[in-house]
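S.K.: Sending over a structure as structure tokens; questions will come in a sec.
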Amino acid sequence: GQADAAGSAPSALALSDTVQTENAGSADAKDDMQFFEKALPSLTIPSPSITSIPGFDYKLTYSLKPSFTSQLAYSSTGLNRSEDFKWDAVRSSMYTFKTPLSIESAASYGGGFFSFTNGVSYNPVIQRHPYISTDTAKGGYTSQAADSLKVADLKASMQEIVNTNALSIKPFYYIGMFKNTSLTYNSTIKLLRSEFIGDADNPLWEYHGPDFTDKDSVTAHQLAFTYAMNEGERFSQSLSLSMTLPPQIDEYTGTLSLAFPYTTFSLTTGFKKKNAVNDEWERKLVQQTCTLSLFNNTLKFTQSYNYDWNKYRHDALRLSLSWRGLQASYAMSYTKGYSFSSTHGWQPRSEEVFLPYSISFAYTLPQNTFYFWKNRIKIS
């Protein structure tokens with residue numbers, strides 16, 4: 001029994017030393033942890049955001065907006081005083097009736113990631129002069145002028161069916177900085193159009209179907225790419241490149257747009273064919289605009305400048321400054337000036353130069369709008 005007690009004593013001492021060592025180690029680790037917590041800032045790890053991507057969306061809309069306008073023209077013959085006016089001295093009467101009907105379908109996927117719209121519209125127009133006075137003694141029309149009015153009515157009376165298409169793809173729509181980068185395509189095609197080919201005595205129309213080689217049938221055909229960056233509410237940049245496709249005359253346009261706090265800037269230019277017959281090209285005007293807005297847009301300065309780099313000369317300059325209702329503007333233009341002669345007065349010059357063209361000052365009173373009778377009546 002004593003031997004067992006003697007043997008267990010060293011074991012108890014060893015166990016006690018081990019416990020003390022573990023306690024000392026845990027105390028040192030706790031001290032080290034408190035030191036790092038004081039010396040180093042705590043880091044907040046944000047939880048990952050999850051973007052919900054909308055699925056496929058489709059809607060179909062239609063509209064019918066008939067309109068009717070009428071006009072009475074009175075003779076001005078013998079009107080020397082206001083008492084000379086007679087309500088029965090009608091020179092001509094005219095009416096125009098329009099009933100545009102449109103149906104449009106729109107499909108999209110992923111919100112603004114992909115969108116496509118397709119529309120068809122039918123636009124009939126009827127214009128007539130039911131009464132045309134030919135009494136020339138009382139200010140009526142001559143027979144030739146009356147026939148011209150009838151022909152103008154027949155040309156204005158037309159029927160057409162138009163198809164419009166617009167496609168937009170924004171590949172980086174879910175990347176905030178590049179979400180406005182896009183590739184777009186649009187076209188306008190006249191599926192049916194009427195053309196007046198007769199005269200006043202023999203009204204005759206010719207009807208044309210879709211022709212993808214005729215610029216009068218395909219009236220719009222464009223492809224555009226926009227590279228856009230948005231670093232916040234006040235900083236953004238974009239570069240847009242667009243091209244006009246056949247059968248329209250070839251045209252290429254580039255636009256650079258910059259936005260900074262209180263300031264916007266844009267620069268546009270390009271190339272285009274002079275006509276569809278030959279391959280002669282010309283440069284488009286270099287158009288530059290800049291806007292500075294201060295004090296919650298109450299003070300605004302706008303500048304625009306055009307440069308003709310076909311002829312390597314200034315084309316136009318306009319400066320305007322507005323503050324509340326007060327506005328001042330100054331313009332320069334490449335035009336012919338005038339020279340004053342004591343014998344002949346003001347005479348136009350023979351050559352065009354870039355010179356001051358106009359200066360203006362204006363003030364507009366603040367506009368107030370008053371509503372009455374449960375907002376049914378508005379006076380402004």
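Following the order of the structure tokens, first chain is A, next is B, and so on, with residues numbered from 1 inside each chain and ligands from 1 in the order they appear.
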Give me, as a list in words, all polymer residues having an atom no more than 7 Å from Met177 (chain A), counting only C-alpha atoms and skipping those fewer than 3 positions away in the same chain.

M.R.: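 My reading of the contact set: Met229, Asn230 and Glu231 of chain A.
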
S.K.: Among region 21-219 of chain A, which residues does DSSP mark as alpha helix (DSSP H) when it is run on the backbone? Keep the chain and numbering as in the structure and answer as a VMD selection string.

M.R.: chain A and resid 21 to 39 143 to 156

S.K.: Take the residues that were just selected and, keeping N, CA and C atoms, output them as an mmCIF file, in the first residue's frame.

M.R.:
data_model
loop_
_atom_site.group_PDB
_atom_site.id
_atom_site.type_symbol
_atom_site.label_atom_id
_atom_site.label_comp_id
_atom_site.auth_asym_id
_atom_site.auth_seq_id
_atom_site.Cartn_x
_atom_site.Cartn_y
_atom_site.Cartn_z
ATOM 1 N N THR A 21 1.370 24.029 -16.875
ATOM 2 C CA THR A 21 1.926 24.451 -18.176
ATOM 3 C C THR A 21 0.829 24.786 -19.164
ATOM 4 N N GLU A 22 -0.237 23.982 -19.229
ATOM 5 C CA GLU A 22 -1.358 24.263 -20.142
ATOM 6 C C GLU A 22 -2.052 25.558 -19.759
ATOM 7 N N ASN A 23 -2.206 25.774 -18.452
ATOM 8 C CA ASN A 23 -2.857 27.027 -18.008
ATOM 9 C C ASN A 23 -2.009 28.232 -18.393
ATOM 10 N N ALA A 24 -0.670 28.083 -18.229
ATOM 11 C CA ALA A 24 0.208 29.197 -18.597
ATOM 12 C C ALA A 24 0.165 29.438 -20.097
ATOM 13 N N GLY A 25 0.135 28.345 -20.899
ATOM 14 C CA GLY A 25 0.077 28.500 -22.359
ATOM 15 C C GLY A 25 -1.221 29.158 -22.805
ATOM 16 N N SER A 26 -2.356 28.769 -22.212
ATOM 17 C CA SER A 26 -3.637 29.373 -22.587
ATOM 18 C C SER A 26 -3.690 30.830 -22.176
ATOM 19 N N ALA A 27 -3.043 31.159 -21.050
ATOM 20 C CA ALA A 27 -3.006 32.568 -20.622
ATOM 21 C C ALA A 27 -2.194 33.398 -21.591
ATOM 22 N N ASP A 28 -1.025 32.836 -22.043
ATOM 23 C CA ASP A 28 -0.216 33.573 -23.032
ATOM 24 C C ASP A 28 -0.973 33.753 -24.355
ATOM 25 N N ALA A 29 -1.685 32.709 -24.788
ATOM 26 C CA ALA A 29 -2.457 32.817 -26.028
ATOM 27 C C ALA A 29 -3.555 33.857 -25.912
ATOM 28 N N LYS A 30 -4.180 33.903 -24.724
ATOM 29 C CA LYS A 30 -5.226 34.911 -24.514
ATOM 30 C C LYS A 30 -4.643 36.302 -24.514
ATOM 31 N N ASP A 31 -3.445 36.464 -23.915
ATOM 32 C CA ASP A 31 -2.787 37.778 -23.937
ATOM 33 C C ASP A 31 -2.420 38.179 -25.361
ATOM 34 N N ASP A 32 -1.911 37.219 -26.141
ATOM 35 C CA ASP A 32 -1.569 37.523 -27.531
ATOM 36 C C ASP A 32 -2.816 37.923 -28.328
ATOM 37 N N MET A 33 -3.927 37.247 -28.098
ATOM 38 C CA MET A 33 -5.160 37.572 -28.803
ATOM 39 C C MET A 33 -5.629 38.981 -28.455
ATOM 40 N N GLN A 34 -5.556 39.357 -27.178
ATOM 41 C CA GLN A 34 -5.949 40.713 -26.778
ATOM 42 C C GLN A 34 -5.021 41.753 -27.393
ATOM 43 N N PHE A 35 -3.725 41.420 -27.518
ATOM 44 C CA PHE A 35 -2.773 42.354 -28.118
ATOM 45 C C PHE A 35 -3.101 42.603 -29.588
ATOM 46 N N PHE A 36 -3.384 41.507 -30.335
ATOM 47 C CA PHE A 36 -3.703 41.662 -31.756
ATOM 48 C C PHE A 36 -5.027 42.394 -31.953
ATOM 49 N N GLU A 37 -5.992 42.151 -31.051
ATOM 50 C CA GLU A 37 -7.271 42.851 -31.178
ATOM 51 C C GLU A 37 -7.102 44.346 -30.977
ATOM 52 N N LYS A 38 -6.183 44.758 -30.096
ATOM 53 C CA LYS A 38 -5.945 46.188 -29.853
ATOM 54 C C LYS A 38 -5.075 46.793 -30.947
ATOM 55 N N ALA A 39 -4.065 46.045 -31.398
ATOM 56 C CA ALA A 39 -3.108 46.590 -32.354
ATOM 57 C C ALA A 39 -3.664 46.636 -33.777
ATOM 58 N N SER A 143 -58.200 78.683 -111.986
ATOM 59 C CA SER A 143 -58.428 77.259 -112.258
ATOM 60 C C SER A 143 -57.143 76.446 -112.109
ATOM 61 N N GLN A 144 -56.017 77.046 -112.459
ATOM 62 C CA GLN A 144 -54.742 76.341 -112.328
ATOM 63 C C GLN A 144 -54.362 76.178 -110.860
ATOM 64 N N ALA A 145 -54.597 77.230 -110.060
ATOM 65 C CA ALA A 145 -54.298 77.134 -108.630
ATOM 66 C C ALA A 145 -55.237 76.157 -107.945
ATOM 67 N N ALA A 146 -56.501 76.106 -108.384
ATOM 68 C CA ALA A 146 -57.448 75.149 -107.801
ATOM 69 C C ALA A 146 -57.032 73.714 -108.106
ATOM 70 N N ASP A 147 -56.565 73.469 -109.327
ATOM 71 C CA ASP A 147 -56.073 72.131 -109.658
ATOM 72 C C ASP A 147 -54.846 71.768 -108.825
ATOM 73 N N SER A 148 -53.997 72.731 -108.545
ATOM 74 C CA SER A 148 -52.818 72.470 -107.713
ATOM 75 C C SER A 148 -53.236 72.071 -106.301
ATOM 76 N N LEU A 149 -54.285 72.719 -105.774
ATOM 77 C CA LEU A 149 -54.790 72.327 -104.462
ATOM 78 C C LEU A 149 -55.322 70.898 -104.480
ATOM 79 N N LYS A 150 -56.035 70.538 -105.532
ATOM 80 C CA LYS A 150 -56.584 69.182 -105.628
ATOM 81 C C LYS A 150 -55.461 68.147 -105.717
ATOM 82 N N VAL A 151 -54.425 68.442 -106.494
ATOM 83 C CA VAL A 151 -53.300 67.514 -106.604
ATOM 84 C C VAL A 151 -52.575 67.382 -105.269
ATOM 85 N N ALA A 152 -52.431 68.491 -104.562
ATOM 86 C CA ALA A 152 -51.795 68.435 -103.240
ATOM 87 C C ALA A 152 -52.598 67.569 -102.277
ATOM 88 N N ASP A 153 -53.936 67.643 -102.366
ATOM 89 C CA ASP A 153 -54.782 66.782 -101.531
ATOM 90 C C ASP A 153 -54.596 65.315 -101.873
ATOM 91 N N LEU A 154 -54.547 65.021 -103.169
ATOM 92 C CA LEU A 154 -54.417 63.627 -103.597
ATOM 93 C C LEU A 154 -53.050 63.057 -103.230
ATOM 94 N N LYS A 155 -52.001 63.889 -103.263
ATOM 95 C CA LYS A 155 -50.679 63.417 -102.846
ATOM 96 C C LYS A 155 -50.616 63.184 -101.343
ATOM 97 N N ALA A 156 -51.307 64.052 -100.589
ATOM 98 C CA ALA A 156 -51.312 63.891 -99.132
ATOM 99 C C ALA A 156 -52.162 62.708 -98.690
#

S.K.: Could you pull out the strand (DSSP E) residues of region 284-366 of chain A from DSSP and send them as a PyMOL selection string?

M.R.: chain A and resi 286-294+299-308+313-323+326-341+345-363

S.K.: Do you have, as a tab-separated table, the list of residues of region 301-340 of chain A lying at most 7 Å from region 349-368 of chain A, each with its nearest atom pair and that distance in Å to one decimal, counting only C-alpha atoms and ordered by chain then number?

M.R.:
residue	atom	partner	partner_atom	distance
A:His314	CA	A:Phe354	CA	6.7
A:Gly325	CA	A:Thr364	CA	4.8
A:Leu326	CA	A:Tyr363	CA	4.5
A:Gln327	CA	A:Ala362	CA	5.2
A:Ala328	CA	A:Phe361	CA	4.5
A:Ser329	CA	A:Ser360	CA	5.3
A:Tyr330	CA	A:Ile359	CA	4.5
A:Ala331	CA	A:Ser358	CA	5.2
A:Met332	CA	A:Pro356	CA	4.2
A:Ser333	CA	A:Phe354	CA	5.5
A:Tyr334	CA	A:Phe354	CA	4.1
A:Thr335	CA	A:Glu352	CA	4.7
A:Lys336	CA	A:Glu352	CA	4.3
A:Gly337	CA	A:Arg349	CA	5.5
A:Tyr338	CA	A:Arg349	CA	5.5
A:Ser339	CA	A:Arg349	CA	6.5

S.K.: Would you mind exporting all heavy atoms of the selected residues as a compact mmCIF listing (two decimals), in the first residue's frame?

M.R.:
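Generated output (out16.txt):
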# COMPACT_ATOMS: atom_id res chain seq x y z
N HIS A 314 -13.93 77.26 -89.69
CA HIS A 314 -14.96 77.32 -88.66
C HIS A 314 -16.33 77.41 -89.32
O HIS A 314 -16.50 78.10 -90.33
CB HIS A 314 -14.74 78.53 -87.76
CG HIS A 314 -13.34 78.64 -87.23
ND1 HIS A 314 -12.83 77.77 -86.29
CD2 HIS A 314 -12.33 79.50 -87.53
CE1 HIS A 314 -11.58 78.10 -86.03
NE2 HIS A 314 -11.25 79.14 -86.76
N GLY A 325 -34.54 83.41 -64.87
CA GLY A 325 -35.26 83.80 -66.08
C GLY A 325 -34.47 84.67 -67.03
O GLY A 325 -34.97 85.03 -68.10
N LEU A 326 -33.22 85.00 -66.69
CA LEU A 326 -32.39 85.87 -67.52
C LEU A 326 -31.50 85.03 -68.41
O LEU A 326 -30.87 84.07 -67.96
CB LEU A 326 -31.55 86.79 -66.65
CG LEU A 326 -30.70 87.85 -67.35
CD1 LEU A 326 -31.59 88.83 -68.08
CD2 LEU A 326 -29.82 88.58 -66.34
N GLN A 327 -31.43 85.39 -69.70
CA GLN A 327 -30.64 84.63 -70.65
C GLN A 327 -29.95 85.57 -71.63
O GLN A 327 -30.54 86.54 -72.10
CB GLN A 327 -31.51 83.64 -71.42
CG GLN A 327 -30.73 82.77 -72.40
CD GLN A 327 -31.61 81.75 -73.08
OE1 GLN A 327 -32.81 81.70 -72.85
NE2 GLN A 327 -31.03 80.94 -73.94
N ALA A 328 -28.68 85.26 -71.94
CA ALA A 328 -27.90 86.01 -72.92
C ALA A 328 -27.22 85.00 -73.84
O ALA A 328 -26.76 83.95 -73.39
CB ALA A 328 -26.87 86.90 -72.24
N SER A 329 -27.16 85.32 -75.13
CA SER A 329 -26.55 84.42 -76.10
C SER A 329 -25.77 85.21 -77.13
O SER A 329 -26.11 86.36 -77.45
CB SER A 329 -27.60 83.54 -76.79
OG SER A 329 -28.49 84.33 -77.55
N TYR A 330 -24.73 84.56 -77.65
CA TYR A 330 -23.86 85.17 -78.66
C TYR A 330 -23.54 84.09 -79.69
O TYR A 330 -23.21 82.95 -79.33
CB TYR A 330 -22.59 85.70 -78.01
CG TYR A 330 -21.52 86.14 -78.97
CD1 TYR A 330 -21.60 87.37 -79.62
CD2 TYR A 330 -20.41 85.33 -79.24
CE1 TYR A 330 -20.62 87.79 -80.50
CE2 TYR A 330 -19.42 85.74 -80.11
CZ TYR A 330 -19.53 86.97 -80.74
OH TYR A 330 -18.55 87.38 -81.62
N ALA A 331 -23.62 84.45 -80.98
CA ALA A 331 -23.42 83.47 -82.04
C ALA A 331 -22.51 84.03 -83.11
O ALA A 331 -22.56 85.22 -83.43
CB ALA A 331 -24.75 83.04 -82.64
N MET A 332 -21.68 83.14 -83.67
CA MET A 332 -20.84 83.46 -84.82
C MET A 332 -21.12 82.44 -85.91
O MET A 332 -21.44 81.27 -85.62
CB MET A 332 -19.36 83.45 -84.44
CG MET A 332 -18.96 84.49 -83.42
SD MET A 332 -17.18 84.49 -83.09
CE MET A 332 -16.55 85.06 -84.68
N SER A 333 -20.99 82.86 -87.16
CA SER A 333 -21.31 81.98 -88.27
C SER A 333 -20.42 82.32 -89.46
O SER A 333 -19.95 83.46 -89.60
CB SER A 333 -22.78 82.10 -88.66
OG SER A 333 -23.10 81.25 -89.74
N TYR A 334 -20.21 81.30 -90.29
CA TYR A 334 -19.46 81.50 -91.52
C TYR A 334 -20.46 81.92 -92.59
O TYR A 334 -21.20 81.10 -93.15
CB TYR A 334 -18.73 80.23 -91.93
CG TYR A 334 -17.69 80.44 -92.99
CD1 TYR A 334 -16.39 80.80 -92.65
CD2 TYR A 334 -17.99 80.29 -94.34
CE1 TYR A 334 -15.41 80.99 -93.62
CE2 TYR A 334 -17.04 80.48 -95.32
CZ TYR A 334 -15.75 80.83 -94.95
OH TYR A 334 -14.80 81.03 -95.91
N THR A 335 -20.51 83.21 -92.87
CA THR A 335 -21.52 83.73 -93.78
C THR A 335 -21.01 85.01 -94.44
O THR A 335 -19.92 85.50 -94.12
CB THR A 335 -22.83 84.02 -93.02
OG1 THR A 335 -23.83 84.46 -93.93
CG2 THR A 335 -22.61 85.08 -91.96
N LYS A 336 -21.82 85.56 -95.32
CA LYS A 336 -21.49 86.81 -95.97
C LYS A 336 -21.91 87.99 -95.07
O LYS A 336 -23.04 88.05 -94.61
CB LYS A 336 -22.20 86.94 -97.32
CG LYS A 336 -21.68 85.99 -98.38
CD LYS A 336 -22.39 86.21 -99.71
CE LYS A 336 -21.85 85.28 -100.79
NZ LYS A 336 -22.54 85.47 -102.09
N GLY A 337 -20.97 88.90 -94.85
CA GLY A 337 -21.29 90.07 -94.07
C GLY A 337 -21.83 91.20 -94.93
O GLY A 337 -22.07 91.04 -96.12
N TYR A 338 -22.02 92.34 -94.31
CA TYR A 338 -22.53 93.51 -95.01
C TYR A 338 -21.58 94.68 -94.79
O TYR A 338 -20.99 94.83 -93.72
CB TYR A 338 -23.93 93.87 -94.51
CG TYR A 338 -25.00 92.93 -94.98
CD1 TYR A 338 -25.24 91.72 -94.31
CD2 TYR A 338 -25.78 93.22 -96.08
CE1 TYR A 338 -26.22 90.85 -94.74
CE2 TYR A 338 -26.77 92.36 -96.52
CZ TYR A 338 -26.99 91.18 -95.85
OH TYR A 338 -27.95 90.31 -96.29
N SER A 339 -21.45 95.48 -95.81
CA SER A 339 -20.66 96.71 -95.74
C SER A 339 -21.58 97.89 -96.02
O SER A 339 -22.45 97.82 -96.91
CB SER A 339 -19.51 96.68 -96.75
OG SER A 339 -18.64 95.60 -96.49

S.K.: Go through A:Ser266, A:Gln347, A:Gln222, A:Ser194 one by one, measure the shortest atom-to-atom distance of each to Gln248 (chain A) using only C-alpha atoms, and give the residue with the smallest value.

M.R.: A:Gln222

S.K.: Any idea what the distance is between CA of Met158 (chain A) and CA of Asn118 (chain A)?

M.R.: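 Atom-to-atom, CA of Met158 (chain A) to CA of Asn118 (chain A), that is 23.0 Å.
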
S.K.: Identify, on the basis of only C-alpha atoms, every residue whose closest approach to region 126-131 of chain A does not exceed 6 Å; exclude the query and any residue fewer than 6 positions from it along the same chain; express the result as a PyMOL selection string.

M.R.: chain A and resi 92-97+153+157
